[in-house]
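Here the structure comes first, spelled out in C-alpha cells, and everything after it is commentary.
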Amino acid sequence: MSHLFPTYARWDVTPVKAKGAYLTAKDGKEYLDFTSGISVCNLGHAPDNVQKAVEKQLNQFWHTSNLFQIELQEDVAKQLTDASGLDLVFFGNSGAEANEAAIKLARKSTGRTKIITFVDSFHGRTFATMAATGQEKIKTGFGPMLESFEYVTMNDLDSLKAALDDNTAAIMFEVIQGEGGINEGSADFLKAAEQLAHENSSLVIIDEIQTGIGRTGKAFAYLHIGLDPDIVSFAKGVASGFPLGGIIGKASLADVFSAGSHGSTFGGNPVALAAAKETLATIFDESFLADVTKKGEKLRSLLEKGLADAAIFNKLKGKGLMVGIELDEEAGPFIAKAREQQLLILTAGTHVIRLLPPLNVTDEEIEKAATVIVEMLTA
Ligand SMILES: Cc1ncc(COP(=O)(O)O)c(C=O)c1O
C-alpha cells in the first residue's frame, strides 16, 4: 500500500538512474525521455558540469539563510537580469511560489487588487496561483477562490479591453500556454495587450516557468516578440532539477519589496544556485540557443512529413523544443502507447501530445523519437 496522497496519476516506471536523454527503470528498461522532468532537466539528466558545481557547493556549505550575503545569488541574478533585460531578482523554490511573489509585488506596487489572466492558463496550485489559473478543473472542491482575478480569452483584444479597469494591478500570461495545450499568443495580440496594460498603469507579468530557460530557442519566450514586461516569473529549468524559482522585475519596483515585505526560508538555496549558475552559463549562450531552434525545426519537419497523411493528426504547435502535436482525438492513450515503445512523452490539455526533450538532445535521439511517434499515430 502506498503511503502517498494519490495526487498524481503515476506511471508504472520506477527510475533507478537517469543520464542525458535516457532514464533507466528498476525493471532494467531504458526509456528515451522527451519529458525532461516536465521542462526541468533542460540539459538532460545529471549534466556533468552541473553535477561538478553542485558537488563543489556541497563541500562548502548547504544553507545559511538569507540573513547572509550569498555570492551565488548575486551571480545567478546577474545572469537572469542580463538575459531578460530586467533589473532585480527574488528567489523562491518553485513556480507557484514565484507567481505568488509576482502577484504580491504587482498588488503592493500599484495599490490595486485585480489581476487579469487568460482562459486555459496554468499558474500553480497555491491559493493565489490556483485562482489565477484559468481552468475550472484545478479549482473544483476548494471553496471560494481568492477574489479579484478575471479571465480573458487569448488573442481576443476586446475581452481584455472590457476587463481592464482602474483597479487592475496587472495582466499575467504565458506566451505559450504549456499545461493548457501549447496555445500561443500571437505577437500582435501580446504587444497590443502589453500596450493597453501600460496605458492603464497596470503591470505586465509574464509567466516563463515552462517557456523560459531556453525552451523555445530564446532565454525567455517573450524575447521572440520584444515585449517589455515589468515582472517575469521563472522556475522549472533554471537549476536542472534542483528546486529553485523566482521573479525578475524592473528596478522601479525595488522599494515595494523592502526588507521584511516578502521572503522564503529555502529561497535561493546555495546548492540550487550552484546548479543554476552552471545551467544558465550553458543555456544562455547564443550558439546554444540557436541550436535549440535548429533542433526544434528538425523535430518539427520529421513530424510534419511523417504525419502528413495521419488521419488523426491536426497540426503542430509551439516553438523551439516545446512541441505540441494536436490530434482529433484525446492524446492520453498515446502517452501510454509511447511508453510501451520506451519513449516518455506528455499531454497538454486534452488533445495535444507535448514533447519537451532536453535542449541538448542529439539528432539521433530526435530521429528515434519521431519514428516512434509517427509509427504510433499512423498505425
Ligand atoms: C506556466 C506554469 N506556471 C506555473 C507552474 C507551477 O510551477 P510549480 O509546479 O513549480 O509550482 C507551472 C507548472 O507546470 C507552469 O507550467
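Residues in the C-alpha cells are named by chain (A, B, ... in the order shown) and by number from 1 within that chain; ligands are numbered from 1 in the order shown.
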**Request:** Mind the document's chain letters and residue numbers, and return as a list in words the residues of region 187-240 of chain A that DSSP labels helix (DSSP H, G or I).
**Result:**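 Taking region 187-240 of chain A and keeping helix (DSSP H, G or I) only, one gets Ala187, Asp188, Phe189, Leu190, Lys191, Ala192, Ala193, Glu194, Gln195, Leu196, Ala197, His198, Glu199, Ala221, Tyr222, Leu223, His224, Lys236, Gly237, Val238 and Ala239 of chain A.
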Closest atom pairs, chain A residues within 8 Å of ligand 1, only C-alpha atoms and all ligand atoms, as JSON lines:
```
{"residue": "A:Ile38", "atom": "CA", "partner": "ligand 1", "partner_atom_place_in_ligand_line": "14 (O)", "distance": 7.3}
{"residue": "A:Asn93", "atom": "CA", "partner": "ligand 1", "partner_atom_place_in_ligand_line": "10 (O)", "distance": 7.6}
{"residue": "A:Ser94", "atom": "CA", "partner": "ligand 1", "partner_atom_place_in_ligand_line": "10 (O)", "distance": 4.0}
{"residue": "A:Gly95", "atom": "CA", "partner": "ligand 1", "partner_atom_place_in_ligand_line": "7 (O)", "distance": 3.3}
{"residue": "A:Ala96", "atom": "CA", "partner": "ligand 1", "partner_atom_place_in_ligand_line": "11 (O)", "distance": 3.6}
{"residue": "A:Glu97", "atom": "CA", "partner": "ligand 1", "partner_atom_place_in_ligand_line": "11 (O)", "distance": 6.4}
{"residue": "A:Ala98", "atom": "CA", "partner": "ligand 1", "partner_atom_place_in_ligand_line": "11 (O)", "distance": 7.8}
{"residue": "A:Asn99", "atom": "CA", "partner": "ligand 1", "partner_atom_place_in_ligand_line": "4 (C)", "distance": 6.9}
{"residue": "A:Ser121", "atom": "CA", "partner": "ligand 1", "partner_atom_place_in_ligand_line": "1 (C)", "distance": 7.4}
{"residue": "A:Phe122", "atom": "CA", "partner": "ligand 1", "partner_atom_place_in_ligand_line": "2 (C)", "distance": 5.3}
{"residue": "A:His123", "atom": "CA", "partner": "ligand 1", "partner_atom_place_in_ligand_line": "4 (C)", "distance": 3.8}
{"residue": "A:Gly124", "atom": "CA", "partner": "ligand 1", "partner_atom_place_in_ligand_line": "6 (C)", "distance": 3.9}
{"residue": "A:Arg125", "atom": "CA", "partner": "ligand 1", "partner_atom_place_in_ligand_line": "11 (O)", "distance": 6.5}
{"residue": "A:Thr126", "atom": "CA", "partner": "ligand 1", "partner_atom_place_in_ligand_line": "11 (O)", "distance": 7.9}
{"residue": "A:Thr129", "atom": "CA", "partner": "ligand 1", "partner_atom_place_in_ligand_line": "4 (C)", "distance": 7.8}
{"residue": "A:Glu174", "atom": "CA", "partner": "ligand 1", "partner_atom_place_in_ligand_line": "1 (C)", "distance": 6.1}
{"residue": "A:Gln177", "atom": "CA", "partner": "ligand 1", "partner_atom_place_in_ligand_line": "1 (C)", "distance": 6.6}
{"residue": "A:Gly178", "atom": "CA", "partner": "ligand 1", "partner_atom_place_in_ligand_line": "16 (O)", "distance": 5.6}
{"residue": "A:Glu179", "atom": "CA", "partner": "ligand 1", "partner_atom_place_in_ligand_line": "16 (O)", "distance": 5.8}
{"residue": "A:Asp207", "atom": "CA", "partner": "ligand 1", "partner_atom_place_in_ligand_line": "1 (C)", "distance": 5.7}
{"residue": "A:Glu208", "atom": "CA", "partner": "ligand 1", "partner_atom_place_in_ligand_line": "1 (C)", "distance": 6.2}
{"residue": "A:Ile209", "atom": "CA", "partner": "ligand 1", "partner_atom_place_in_ligand_line": "2 (C)", "distance": 4.8}
{"residue": "A:Gln210", "atom": "CA", "partner": "ligand 1", "partner_atom_place_in_ligand_line": "16 (O)", "distance": 4.6}
{"residue": "A:Thr211", "atom": "CA", "partner": "ligand 1", "partner_atom_place_in_ligand_line": "1 (C)", "distance": 7.2}
{"residue": "A:Ala235", "atom": "CA", "partner": "ligand 1", "partner_atom_place_in_ligand_line": "10 (O)", "distance": 6.2}
{"residue": "A:Lys236", "atom": "CA", "partner": "ligand 1", "partner_atom_place_in_ligand_line": "10 (O)", "distance": 6.1}
{"residue": "A:Gly245", "atom": "CA", "partner": "ligand 1", "partner_atom_place_in_ligand_line": "10 (O)", "distance": 7.4}
```
**Message:** as a ChimeraX atom specification, please: the residues near Phe91 (chain A) (cut-off 7 Å, only C-alpha atoms, same-chain neighbours under 4 positions excluded).
**Reply:** /A:245-247,267-268
For the residues selected in the previous step, produce a file with N, CA and C atoms as a CSV table (one decimal), in the first residue's frame.
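Output file again39.csv follows:
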```csv
chain,number,residue,atom,x,y,z
A,245,GLY,N,13.1,28.8,-8.0
A,245,GLY,CA,12.2,29.6,-8.8
A,245,GLY,C,12.3,31.1,-8.4
A,246,GLY,N,11.6,31.9,-9.0
A,246,GLY,CA,11.7,33.3,-8.6
A,246,GLY,C,11.1,34.3,-9.6
A,247,ILE,N,11.3,35.6,-9.3
A,247,ILE,CA,10.9,36.6,-10.3
A,247,ILE,C,12.0,37.5,-10.6
A,267,GLY,N,14.4,29.8,-0.1
A,267,GLY,CA,14.6,30.5,-1.4
A,267,GLY,C,16.0,30.9,-1.6
A,268,GLY,N,16.5,30.6,-2.8
A,268,GLY,CA,17.9,30.9,-3.1
A,268,GLY,C,18.9,30.0,-2.4
```
**Prompt:** In Å, how far is it from CA of Ala21 (chain A) to CA of Ala338 (chain A)?
**Reply:**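 Computing the Euclidean distance for CA of Ala21 (chain A) and CA of Ala338 (chain A) yields 15.4 Å.
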**Item:** Pick from A:Lys26, A:His262, A:Lys52, A:His45 nearest to Ile103 (chain A), counting only C-alpha atoms
**Value:**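 For Ile103 (chain A), the nearest of the given residues is A:His262.
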**Prompt:** Quick one: distance from CA of Thr371 (chain A) to CA of Leu303 (chain A) in Å, one decimal?
**Reply:** 8.5 Å
**Message:** For a test of reading the model, state the distance in Å between CA of Thr216 (chain A) and CA of Asp156 (chain A), rounded to one decimal.
**Reply:**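 CA of Asp156 (chain A) lies 23.3 Å from CA of Thr216 (chain A).
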**Prompt:** Of the candidates A:Lys294, A:Arg112, A:Lys137, A:His224, which shows the shortest atom-to-atom distance to Val175 (chain A), using only C-alpha atoms?
**Reply:** A:His224
I need the residues of region 83-232 of chain A that end up classed as strand (DSSP E or B) by DSSP on the backbone, written out as a PDB file with N, CA and C atoms, in the first residue's frame.
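Result file follows (out_21.pdb):
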```pdb
ATOM      1  N   LEU A  88      16.135  43.226 -11.165  1.00  0.00           N
ATOM      2  CA  LEU A  88      16.261  42.680  -9.817  1.00  0.00           C
ATOM      3  C   LEU A  88      15.591  41.317  -9.721  1.00  0.00           C
ATOM      4  N   VAL A  89      16.137  40.455  -8.861  1.00  0.00           N
ATOM      5  CA  VAL A  89      15.626  39.085  -8.743  1.00  0.00           C
ATOM      6  C   VAL A  89      15.220  38.797  -7.302  1.00  0.00           C
ATOM      7  N   PHE A  90      14.123  38.073  -7.124  1.00  0.00           N
ATOM      8  CA  PHE A  90      13.792  37.457  -5.835  1.00  0.00           C
ATOM      9  C   PHE A  90      13.779  35.949  -6.057  1.00  0.00           C
ATOM     10  N   PHE A  91      14.443  35.194  -5.169  1.00  0.00           N
ATOM     11  CA  PHE A  91      14.495  33.739  -5.311  1.00  0.00           C
ATOM     12  C   PHE A  91      13.550  33.028  -4.346  1.00  0.00           C
ATOM     13  N   GLY A  92      12.744  32.114  -4.892  1.00  0.00           N
ATOM     14  CA  GLY A  92      11.941  31.194  -4.095  1.00  0.00           C
ATOM     15  C   GLY A  92      12.327  29.780  -4.495  1.00  0.00           C
ATOM     16  N   LYS A 114      -6.936  43.830  -8.711  1.00  0.00           N
ATOM     17  CA  LYS A 114      -7.368  42.885  -9.759  1.00  0.00           C
ATOM     18  C   LYS A 114      -6.187  42.423 -10.626  1.00  0.00           C
ATOM     19  N   ILE A 115      -6.148  41.134 -10.880  1.00  0.00           N
ATOM     20  CA  ILE A 115      -5.141  40.572 -11.801  1.00  0.00           C
ATOM     21  C   ILE A 115      -5.919  39.892 -12.927  1.00  0.00           C
ATOM     22  N   ILE A 116      -5.620  40.275 -14.151  1.00  0.00           N
ATOM     23  CA  ILE A 116      -6.281  39.658 -15.312  1.00  0.00           C
ATOM     24  C   ILE A 116      -5.387  38.539 -15.847  1.00  0.00           C
ATOM     25  N   THR A 117      -5.953  37.339 -15.950  1.00  0.00           N
ATOM     26  CA  THR A 117      -5.205  36.219 -16.539  1.00  0.00           C
ATOM     27  C   THR A 117      -6.028  35.639 -17.702  1.00  0.00           C
ATOM     28  N   PHE A 118      -5.581  34.534 -18.266  1.00  0.00           N
ATOM     29  CA  PHE A 118      -6.186  34.032 -19.507  1.00  0.00           C
ATOM     30  C   PHE A 118      -6.865  32.679 -19.297  1.00  0.00           C
ATOM     31  N   PHE A 149      -9.535  37.993  -9.439  1.00  0.00           N
ATOM     32  CA  PHE A 149      -8.910  37.540 -10.685  1.00  0.00           C
ATOM     33  C   PHE A 149      -9.992  37.538 -11.756  1.00  0.00           C
ATOM     34  N   GLU A 150      -9.658  37.945 -12.957  1.00  0.00           N
ATOM     35  CA  GLU A 150     -10.625  37.902 -14.058  1.00  0.00           C
ATOM     36  C   GLU A 150      -9.928  37.280 -15.263  1.00  0.00           C
ATOM     37  N   TYR A 151     -10.665  36.500 -16.030  1.00  0.00           N
ATOM     38  CA  TYR A 151     -10.058  35.687 -17.093  1.00  0.00           C
ATOM     39  C   TYR A 151     -10.524  36.187 -18.451  1.00  0.00           C
ATOM     40  N   VAL A 152      -9.575  36.405 -19.351  1.00  0.00           N
ATOM     41  CA  VAL A 152      -9.923  36.853 -20.694  1.00  0.00           C
ATOM     42  C   VAL A 152      -9.411  35.816 -21.694  1.00  0.00           C
ATOM     43  N   THR A 168      -7.103  47.431 -11.902  1.00  0.00           N
ATOM     44  CA  THR A 168      -6.287  46.336 -12.448  1.00  0.00           C
ATOM     45  C   THR A 168      -4.806  46.537 -12.114  1.00  0.00           C
ATOM     46  N   ALA A 169      -4.297  45.686 -11.255  1.00  0.00           N
ATOM     47  CA  ALA A 169      -2.879  45.763 -10.874  1.00  0.00           C
ATOM     48  C   ALA A 169      -1.994  45.255 -12.012  1.00  0.00           C
ATOM     49  N   ALA A 170      -2.435  44.180 -12.659  1.00  0.00           N
ATOM     50  CA  ALA A 170      -1.576  43.563 -13.682  1.00  0.00           C
ATOM     51  C   ALA A 170      -2.368  42.654 -14.602  1.00  0.00           C
ATOM     52  N   ILE A 171      -1.811  42.458 -15.797  1.00  0.00           N
ATOM     53  CA  ILE A 171      -2.223  41.319 -16.619  1.00  0.00           C
ATOM     54  C   ILE A 171      -1.091  40.288 -16.502  1.00  0.00           C
ATOM     55  N   MET A 172      -1.460  39.032 -16.537  1.00  0.00           N
ATOM     56  CA  MET A 172      -0.459  37.977 -16.315  1.00  0.00           C
ATOM     57  C   MET A 172      -0.721  36.853 -17.316  1.00  0.00           C
ATOM     58  N   PHE A 173       0.321  36.443 -18.033  1.00  0.00           N
ATOM     59  CA  PHE A 173       0.086  35.410 -19.061  1.00  0.00           C
ATOM     60  C   PHE A 173       1.339  34.611 -19.347  1.00  0.00           C
ATOM     61  N   ILE A 176       3.319  31.094 -24.377  1.00  0.00           N
ATOM     62  CA  ILE A 176       2.726  29.859 -24.920  1.00  0.00           C
ATOM     63  C   ILE A 176       2.195  29.083 -23.718  1.00  0.00           C
ATOM     64  N   GLN A 177       0.891  28.843 -23.685  1.00  0.00           N
ATOM     65  CA  GLN A 177       0.322  28.118 -22.546  1.00  0.00           C
ATOM     66  C   GLN A 177       0.783  26.667 -22.599  1.00  0.00           C
ATOM     67  N   ASN A 183      -0.816  26.583 -26.384  1.00  0.00           N
ATOM     68  CA  ASN A 183      -1.569  27.635 -27.081  1.00  0.00           C
ATOM     69  C   ASN A 183      -0.733  28.907 -27.110  1.00  0.00           C
ATOM     70  N   GLU A 184      -0.472  29.373 -28.329  1.00  0.00           N
ATOM     71  CA  GLU A 184       0.436  30.506 -28.486  1.00  0.00           C
ATOM     72  C   GLU A 184      -0.323  31.820 -28.571  1.00  0.00           C
ATOM     73  N   LEU A 203       0.579  46.607 -14.496  1.00  0.00           N
ATOM     74  CA  LEU A 203       1.843  45.926 -14.796  1.00  0.00           C
ATOM     75  C   LEU A 203       1.609  44.741 -15.737  1.00  0.00           C
ATOM     76  N   VAL A 204       2.687  44.319 -16.369  1.00  0.00           N
ATOM     77  CA  VAL A 204       2.661  43.116 -17.206  1.00  0.00           C
ATOM     78  C   VAL A 204       3.535  42.058 -16.536  1.00  0.00           C
ATOM     79  N   ILE A 205       2.890  40.948 -16.179  1.00  0.00           N
ATOM     80  CA  ILE A 205       3.622  39.813 -15.582  1.00  0.00           C
ATOM     81  C   ILE A 205       3.644  38.697 -16.621  1.00  0.00           C
ATOM     82  N   ILE A 206       4.823  38.211 -16.961  1.00  0.00           N
ATOM     83  CA  ILE A 206       4.898  37.069 -17.884  1.00  0.00           C
ATOM     84  C   ILE A 206       5.376  35.842 -17.111  1.00  0.00           C
ATOM     85  N   ASP A 207       4.583  34.791 -17.185  1.00  0.00           N
ATOM     86  CA  ASP A 207       4.907  33.529 -16.533  1.00  0.00           C
ATOM     87  C   ASP A 207       5.748  32.704 -17.505  1.00  0.00           C
ATOM     88  N   ILE A 231       7.433  42.245 -14.702  1.00  0.00           N
ATOM     89  CA  ILE A 231       7.834  41.117 -13.856  1.00  0.00           C
ATOM     90  C   ILE A 231       7.808  39.844 -14.700  1.00  0.00           C
ATOM     91  N   VAL A 232       8.831  39.028 -14.545  1.00  0.00           N
ATOM     92  CA  VAL A 232       8.882  37.718 -15.217  1.00  0.00           C
ATOM     93  C   VAL A 232       9.074  36.656 -14.135  1.00  0.00           C
TER      94      VAL A 232
END
```
**Distance query Thr153 (chain A) at most 8 Å, only C-alpha atoms, self and fewer than 6 positions along chain excluded, as a PyMOL selection string** = chain A and resi 118-119+159-160
Those residues with N, CA, C and O atoms, as a CSV table (one decimal), in the first residue's frame please?
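After the write, part15.csv holds the following:
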```csv
chain,number,residue,atom,x,y,z
A,118,PHE,N,-5.6,34.5,-18.3
A,118,PHE,CA,-6.2,34.0,-19.5
A,118,PHE,C,-6.9,32.7,-19.3
A,118,PHE,O,-6.4,31.8,-18.5
A,119,VAL,N,-7.9,32.5,-20.1
A,119,VAL,CA,-8.6,31.2,-20.1
A,119,VAL,C,-7.6,30.1,-20.5
A,119,VAL,O,-6.8,30.4,-21.4
A,159,SER,N,-11.9,41.3,-25.3
A,159,SER,CA,-12.2,40.8,-24.0
A,159,SER,C,-11.2,41.4,-23.0
A,159,SER,O,-11.6,41.6,-21.8
A,160,LEU,N,-10.0,41.6,-23.4
A,160,LEU,CA,-9.0,42.3,-22.5
A,160,LEU,C,-9.4,43.7,-22.2
A,160,LEU,O,-9.4,44.2,-21.0
```
**Request:** Identify, on the basis of only C-alpha atoms, every residue whose closest approach to Gly85 (chain A) does not exceed 9 Å; exclude the query and any residue fewer than 4 positions from it along the same chain; express the result as a PyMOL selection string.
**Result:** chain A and resi 80-81+228+250
**Message:** When you look at Leu307 (chain A) with a cut-off of 8 Å (counting only C-alpha atoms), what residues show up, excluding the ones that are within fewer than 6 positions of it in the same chain? I need them as a list in words.
**Reply:**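 Counting only the stated atoms, we get Phe313, Val374, Leu377 and Thr378 of chain A.
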